[in-house]
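Colleague: Got a structure for you, written out below as structure tokens; questions coming shortly.
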Amino acid sequence: MNRKKKIVRNIIILIALSTLFLNRGISLTPMAAHEASERSIHYGPSKVVHIEDFDDGKYILCKYDKWISCNTVKKTMFFFWTFGNQVTGIEIDKGRPLNFTWGYSSDRNKLYGIINDSNINKVELYLDDGRTLSQTEFYDNDMFLFTWEGEASFDNIKFPRKYIV
Amino acid sequence: MVMTMNLLKSDKFINEVISYIKFPFDREDIRKELEDHILDKMEYYDSRGIDKVTAEELTLRDMGNPKEIGIALNREHNFVLGWIYKITNALVTIFLIITVFTVGISLISTIFSGNPAKHIAKEDIVYDIKVNEKVKIDDRVIKFKNVIYEKNGDLNIIYEYYDTKPLGMGWSLGSIGTIRDNLGNEYFVSSGSSSGGIVTKGISTISNFSDKIDTLIIEYDMYNRYYKVEIPLKTGDLNE
């Protein structure tokens with residue numbers, strides 16, 4: 001077998017093994033990892049409204065039917081992507097002005113939610129180390145995401161409403 | 001070996017040819033090939049009674065210009081193709097090791113996971129119903145295998161699941177669903193376990209389950225996925 005044929009043989013083996021590999025929780029892109037993660041846990045497919053990077057991965061803020069979620073995906077083996085955590089989210093309760101949930105993993109914190117009361121034009125997050133995070137521009141017009149690193153926990157969340165004449 | 005016979009001209013000839021070969025991993029093979037070729041030729045001249053020094057000179061004359069041979073061989077042993085071959089070979093090896101390792105772990109887990117109800121002593125079993133109900137959500141097939149009722153009131157649901165994608169892997173099944181009876185009572189799973197592997201075997205146990213219940217209902221209704229399995233129980237047999 002000459003070298004060209006051996007290269008073709010190797011490429012065929014690599015494609016076959018990659019297919020097997022990519023079927024085992026490893027993806028070529030963050031979105032593929034996110035979609036596989038959702039399907040594997042029997043959730044979604046959700047609509048992605050915002051993506052935010054962290055050191056070795058991404059937060060993916062989503063809406064799905066009556067739920068919201070913020071999945072994470074992580075880099076693995078240099079250029080592949082794999083499942084993160086907290087794939088599913090919370091059910092939207094339209095009876096409340098705002099719904100949110102909070103979680104952390106590996107010293108990374110996230111707090112995300114959805115605004116049900118259109119008069120809310122700002123969400124402020126107070127951490128117990130004195131920091132305040134705020135958001136006024138919302139993803140898909142009604143979703144917000146706060147991320148921070150470290151041990152600080154969230155202390156309070158405030159959402160002043162617009163002044164209505 | 002001719003080259004060990006201090007044939008300096010042949011060595012020089014081969015070194016010159018080799019100097020044109022850009023792909024380093026082929027140089028040794030080419031050297032051996034040239035050595036064999038020179039040896040064959042010299043043996044031919046030797047068989048015709050020509051002395052070794054003359055035989056070497058004649059052989060090298062027959063071989064041709066080392067520069068031309070080197071350039072031709074370099075073209076044959078293409079530098080780019082050589083590296084592509086080496087890299088793809090290394091990748092195939094790495095992928096094979098990872099695949100054997102990961103698939104091997106899954107296979108071993110599947111083979112040695114055993115029966116999740118093996119801890120239940122036969123003398124404690126009131127009834128063991130073969131269920132054989134199969135449901136599917138997304139790429140996961142769940143098979144309910146047995147329902148085992150124990151004298152202490154524990155009801156065990158034995159199930160297994162697998163991914164329809166070949167050797168697929170993902171999140172494990174969080175819950176088999178809400179467990180109710182035909183009277184509308186809802187039960188919490190007091191304990192449960194599941195193995196890993198290609199086929200995951202699991203058991204969910206409900207404590208203090210009444211022996212008067214004649215139908216067990218397992219209903220999964222989460223995130224727009226739904227299945228319902230109704231399993232008739234053996235109430236009448238208990239007092240026999």
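Lettering and numbering for the structure tokens are positional, with chains as A, B, ... in the shown order, residues counted from 1 in each chain, and ligands counted from 1 in the shown order.
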Name the residues in contact with Arg96 of chain A at a cut-off of 9 Å, using only C-alpha atoms, excluding same-chain residues fewer than 3 positions from it; report them as JSON, numbers by chain.
Modeller: {"A": [92, 93, 99, 115, 116, 117]}
Colleague: Compile the contact shell of Ala121 of chain B as a short mmCIF file (atom, residue, chain, number, x, y, z; two decimals) with N, CA and C atoms, in the first residue's frame: residues with an atom at most 12 Å away, counting only C-alpha atoms, same-chain residues fewer than 2 positions apart removed.
Modeller:
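In the end it all went to selection_24.cif:
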data_model
loop_
_atom_site.label_atom_id
_atom_site.label_comp_id
_atom_site.auth_asym_id
_atom_site.auth_seq_id
_atom_site.Cartn_x
_atom_site.Cartn_y
_atom_site.Cartn_z
N ALA B 117 -31.29 -6.21 41.43
CA ALA B 117 -32.14 -6.72 42.51
C ALA B 117 -31.50 -7.92 43.21
N LYS B 118 -30.20 -8.11 43.00
CA LYS B 118 -29.56 -9.31 43.55
C LYS B 118 -29.50 -9.30 45.08
N HIS B 119 -29.65 -8.11 45.66
CA HIS B 119 -29.59 -8.03 47.13
C HIS B 119 -30.89 -8.52 47.78
N GLU B 123 -36.39 -15.63 49.63
CA GLU B 123 -37.41 -15.93 50.64
C GLU B 123 -38.18 -14.68 51.07
N ASP B 124 -37.63 -13.49 50.73
CA ASP B 124 -38.32 -12.24 51.09
C ASP B 124 -39.28 -11.78 49.99
N ILE B 125 -39.24 -12.43 48.86
CA ILE B 125 -40.05 -11.98 47.72
C ILE B 125 -41.48 -12.53 47.81
N VAL B 126 -42.44 -11.61 47.74
CA VAL B 126 -43.85 -12.02 47.73
C VAL B 126 -44.25 -12.33 46.28
N TYR B 127 -43.91 -11.42 45.39
CA TYR B 127 -44.10 -11.71 43.96
C TYR B 127 -43.06 -10.97 43.13
N ASP B 128 -42.82 -11.53 41.96
CA ASP B 128 -41.85 -10.96 41.01
C ASP B 128 -42.54 -10.96 39.64
N ILE B 148 -40.77 -6.20 41.82
CA ILE B 148 -40.60 -7.21 42.88
C ILE B 148 -41.17 -6.64 44.18
N TYR B 149 -42.10 -7.36 44.73
CA TYR B 149 -42.70 -6.93 46.00
C TYR B 149 -42.15 -7.80 47.13
N GLU B 150 -41.70 -7.14 48.19
CA GLU B 150 -41.09 -7.87 49.30
C GLU B 150 -42.03 -7.94 50.50
N LYS B 151 -41.77 -8.90 51.36
CA LYS B 151 -42.59 -9.09 52.56
C LYS B 151 -42.60 -7.84 53.46
N ASN B 152 -41.52 -7.09 53.45
CA ASN B 152 -41.44 -5.90 54.32
C ASN B 152 -42.18 -4.69 53.72
#
Colleague: Just the residues within 9 Å of Leu155 of chain B, please, counting only C-alpha atoms, with nothing from its chain fewer than 6 positions along; format it as a PyMOL selection string.
Modeller: chain B and resi 147-149+204-210
Colleague: Rank nothing, just name the residue among B:Thr93, B:Ser47, B:Ser109, B:Asn185 nearest to chain A, using only C-alpha atoms.
Modeller: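 Checking each of B:Thr93, B:Ser47, B:Ser109, B:Asn185 against chain A, counting only C-alpha atoms, the winner is B:Thr93.
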Colleague: Write down, as a PDB file with C-alpha atoms, in the first residue's frame, each residue of chain A that has any atom within 8 Å of an atom of chain B, counting only C-alpha atoms.
Modeller:
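Output saved as out05.pdb:
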ATOM      1  CA  ARG A   3       1.628   6.335   1.204  1.00  0.00           C
ATOM      2  CA  LYS A   4      -1.359   8.071  -0.410  1.00  0.00           C
ATOM      3  CA  LYS A   6      -2.311   4.754   3.742  1.00  0.00           C
ATOM      4  CA  ILE A   7      -3.252   8.401   4.307  1.00  0.00           C
ATOM      5  CA  ASN A  10      -5.987   6.753   8.173  1.00  0.00           C
ATOM      6  CA  ILE A  11      -8.469   9.524   7.345  1.00  0.00           C
ATOM      7  CA  ILE A  13     -10.359   5.467  10.385  1.00  0.00           C
ATOM      8  CA  LEU A  14     -10.176   8.951  11.936  1.00  0.00           C
ATOM      9  CA  LEU A  17     -13.463   7.064  15.332  1.00  0.00           C
ATOM     10  CA  SER A  18     -14.406  10.753  15.491  1.00  0.00           C
ATOM     11  CA  LEU A  20     -17.893   7.411  17.686  1.00  0.00           C
ATOM     12  CA  PHE A  21     -16.081   9.949  19.808  1.00  0.00           C
ATOM     13  CA  ASN A  23     -21.321  10.504  20.053  1.00  0.00           C
ATOM     14  CA  ARG A  24     -19.890  10.189  23.531  1.00  0.00           C
ATOM     15  CA  GLY A  25     -20.517  13.647  24.928  1.00  0.00           C
ATOM     16  CA  ALA A  36     -26.463  17.286  22.776  1.00  0.00           C
ATOM     17  CA  SER A  37     -26.521  18.094  26.484  1.00  0.00           C
ATOM     18  CA  ARG A  39     -31.296  16.289  24.289  1.00  0.00           C
ATOM     19  CA  SER A  40     -29.471  13.864  26.547  1.00  0.00           C
ATOM     20  CA  ILE A  41     -31.233  15.241  29.627  1.00  0.00           C
ATOM     21  CA  HIS A  42     -34.578  15.373  27.775  1.00  0.00           C
ATOM     22  CA  TYR A  43     -34.959  19.136  27.642  1.00  0.00           C
ATOM     23  CA  GLY A  44     -35.352  21.598  24.785  1.00  0.00           C
TER      24      GLY A  44
END
Colleague: Please report, as a PyMOL selection string, each residue of segment 18-230 of chain B to which DSSP assigns alpha helix (DSSP H) when run on this structure's backbone.
Modeller: chain B and resi 18+27-47+52-63+66-76+79-112
Colleague: Would you pick out the contacts of Ile120 of chain A at 12 Å or less, using only C-alpha atoms, so that residues sharing its chain but fewer than 4 positions from it are not included, and give the list as a count of residues only?
Modeller: 22
Colleague: Could you list, as an MDAnalysis selection string, every residue within 12 Å of Asn15 of chain B, counting only C-alpha atoms and ignoring same-chain residues fewer than 2 positions away?
Modeller: chainID B and resid 3 8:13 17:21 27:28 30:32 34:35 66:67 69:70
Colleague: Set the distance at 8 Å and use only C-alpha atoms: which residues neighbour segment 216-221 of chain B once local chain neighbours fewer than 6 positions away are removed? I'd like the list as a JSON list (two decimals) with all heavy atoms, in the first residue's frame.
Modeller:
[["chain", "number", "residue", "atom", "x", "y", "z"],
["B", 176, "ILE", "N", -37.30, 8.03, 36.66],
["B", 176, "ILE", "CA", -38.11, 7.22, 35.73],
["B", 176, "ILE", "C", -39.51, 7.80, 35.60],
["B", 176, "ILE", "O", -40.28, 7.38, 34.76],
["B", 176, "ILE", "CB", -38.18, 5.73, 36.16],
["B", 176, "ILE", "CG1", -38.70, 5.59, 37.59],
["B", 176, "ILE", "CG2", -36.83, 5.06, 35.97],
["B", 176, "ILE", "CD1", -39.01, 4.15, 38.00],
["B", 177, "GLY", "N", -39.84, 8.75, 36.46],
["B", 177, "GLY", "CA", -41.14, 9.41, 36.39],
["B", 177, "GLY", "C", -41.85, 9.40, 37.73],
["B", 177, "GLY", "O", -41.32, 8.93, 38.74],
["B", 178, "THR", "N", -43.06, 9.91, 37.72],
["B", 178, "THR", "CA", -43.88, 9.93, 38.93],
["B", 178, "THR", "C", -44.50, 8.54, 39.10],
["B", 178, "THR", "O", -45.00, 7.96, 38.14],
["B", 178, "THR", "CB", -44.99, 10.98, 38.80],
["B", 178, "THR", "OG1", -44.37, 12.24, 38.51],
["B", 178, "THR", "CG2", -45.82, 11.10, 40.06],
["B", 179, "ILE", "N", -44.45, 8.05, 40.34],
["B", 179, "ILE", "CA", -44.99, 6.70, 40.58],
["B", 179, "ILE", "C", -46.28, 6.83, 41.38],
["B", 179, "ILE", "O", -46.31, 7.44, 42.47],
["B", 179, "ILE", "CB", -43.95, 5.83, 41.31],
["B", 179, "ILE", "CG1", -42.70, 5.72, 40.43],
["B", 179, "ILE", "CG2", -44.52, 4.45, 41.62],
["B", 179, "ILE", "CD1", -41.51, 5.13, 41.12],
["B", 180, "ARG", "N", -47.34, 6.29, 40.82],
["B", 180, "ARG", "CA", -48.66, 6.37, 41.48],
["B", 180, "ARG", "C", -49.30, 4.99, 41.46],
["B", 180, "ARG", "O", -48.81, 4.05, 40.82],
["B", 180, "ARG", "CB", -49.56, 7.35, 40.72],
["B", 180, "ARG", "CG", -49.06, 8.80, 40.71],
["B", 180, "ARG", "CD", -50.20, 9.76, 40.38],
["B", 180, "ARG", "NE", -51.03, 9.30, 39.29],
["B", 180, "ARG", "CZ", -50.77, 9.52, 38.02],
["B", 180, "ARG", "NH1", -49.70, 10.19, 37.67],
["B", 180, "ARG", "NH2", -51.58, 9.08, 37.09],
["B", 181, "ASP", "N", -50.44, 4.90, 42.14],
["B", 181, "ASP", "CA", -51.22, 3.67, 42.03],
["B", 181, "ASP", "C", -52.57, 4.00, 41.42],
["B", 181, "ASP", "O", -52.88, 5.16, 41.14],
["B", 181, "ASP", "CB", -51.33, 2.97, 43.38],
["B", 181, "ASP", "CG", -52.05, 3.83, 44.42],
["B", 181, "ASP", "OD1", -52.89, 4.66, 44.02],
["B", 181, "ASP", "OD2", -51.77, 3.69, 45.62],
["B", 182, "ASN", "N", -53.39, 2.98, 41.23],
["B", 182, "ASN", "CA", -54.68, 3.18, 40.57],
["B", 182, "ASN", "C", -55.66, 3.97, 41.45],
["B", 182, "ASN", "O", -56.69, 4.45, 40.98],
["B", 182, "ASN", "CB", -55.29, 1.83, 40.20],
["B", 182, "ASN", "CG", -55.38, 0.89, 41.39],
["B", 182, "ASN", "OD1", -54.38, 0.68, 42.09],
["B", 182, "ASN", "ND2", -56.55, 0.35, 41.64],
["B", 227, "TYR", "N", -44.46, 9.73, 28.89],
["B", 227, "TYR", "CA", -44.82, 8.31, 28.74],
["B", 227, "TYR", "C", -45.56, 7.86, 29.99],
["B", 227, "TYR", "O", -45.45, 8.48, 31.05],
["B", 227, "TYR", "CB", -43.61, 7.41, 28.46],
["B", 227, "TYR", "CG", -42.59, 7.26, 29.57],
["B", 227, "TYR", "CD1", -42.85, 6.49, 30.71],
["B", 227, "TYR", "CD2", -41.34, 7.85, 29.46],
["B", 227, "TYR", "CE1", -41.90, 6.34, 31.71],
["B", 227, "TYR", "CE2", -40.39, 7.70, 30.46],
["B", 227, "TYR", "CZ", -40.67, 6.94, 31.58],
["B", 227, "TYR", "OH", -39.73, 6.80, 32.56],
["B", 228, "LYS", "N", -46.33, 6.81, 29.82],
["B", 228, "LYS", "CA", -47.08, 6.27, 30.95],
["B", 228, "LYS", "C", -47.08, 4.75, 30.84],
["B", 228, "LYS", "O", -47.37, 4.19, 29.78],
["B", 228, "LYS", "CB", -48.52, 6.80, 30.91],
["B", 228, "LYS", "CG", -49.36, 6.41, 32.11],
["B", 228, "LYS", "CD", -50.73, 7.05, 31.97],
["B", 228, "LYS", "CE", -51.64, 6.69, 33.14],
["B", 228, "LYS", "NZ", -52.97, 7.30, 32.99],
["B", 229, "VAL", "N", -46.72, 4.12, 31.93],
["B", 229, "VAL", "CA", -46.68, 2.65, 31.95],
["B", 229, "VAL", "C", -47.58, 2.19, 33.09],
["B", 229, "VAL", "O", -47.45, 2.68, 34.22],
["B", 229, "VAL", "CB", -45.23, 2.15, 32.18],
["B", 229, "VAL", "CG1", -45.20, 0.65, 32.37],
["B", 229, "VAL", "CG2", -44.34, 2.56, 31.03],
["B", 230, "GLU", "N", -48.49, 1.30, 32.79],
["B", 230, "GLU", "CA", -49.38, 0.75, 33.83],
["B", 230, "GLU", "C", -49.03, -0.71, 34.03],
["B", 230, "GLU", "O", -49.01, -1.49, 33.08],
["B", 230, "GLU", "CB", -50.84, 0.90, 33.42],
["B", 230, "GLU", "CG", -51.26, 2.37, 33.38],
["B", 230, "GLU", "CD", -52.77, 2.55, 33.27],
["B", 230, "GLU", "OE1", -53.51, 1.59, 33.57],
["B", 230, "GLU", "OE2", -53.19, 3.64, 32.89],
["B", 231, "ILE", "N", -48.75, -1.07, 35.26],
["B", 231, "ILE", "CA", -48.32, -2.44, 35.54],
["B", 231, "ILE", "C", -49.31, -3.08, 36.52],
["B", 231, "ILE", "O", -49.43, -2.65, 37.67],
["B", 231, "ILE", "CB", -46.90, -2.44, 36.16],
["B", 231, "ILE", "CG1", -45.92, -1.74, 35.20],
["B", 231, "ILE", "CG2", -46.44, -3.85, 36.48],
["B", 231, "ILE", "CD1", -44.60, -1.37, 35.82],
["B", 232, "PRO", "N", -50.02, -4.11, 36.08],
["B", 232, "PRO", "CA", -50.94, -4.82, 36.99],
["B", 232, "PRO", "C", -50.15, -5.58, 38.05],
["B", 232, "PRO", "O", -49.15, -6.22, 37.74],
["B", 232, "PRO", "CB", -51.70, -5.79, 36.07],
["B", 232, "PRO", "CG", -51.33, -5.41, 34.68],
["B", 232, "PRO", "CD", -50.03, -4.68, 34.73],
["B", 233, "LEU", "N", -50.58, -5.49, 39.29],
["B", 233, "LEU", "CA", -49.90, -6.17, 40.39],
["B", 233, "LEU", "C", -50.68, -7.40, 40.82],
["B", 233, "LEU", "O", -51.84, -7.58, 40.42],
["B", 233, "LEU", "CB", -49.69, -5.19, 41.56],
["B", 233, "LEU", "CG", -48.94, -3.90, 41.21],
["B", 233, "LEU", "CD1", -48.85, -2.99, 42.42],
["B", 233, "LEU", "CD2", -47.54, -4.22, 40.69]]
Colleague: Quick one: distance from atom CA of Gly153 of chain B to atom CA of Asp211 of chain B in Å, one decimal?
Modeller: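 Going from atom CA of Gly153 of chain B over to atom CA of Asp211 of chain B covers 7.4 Å.
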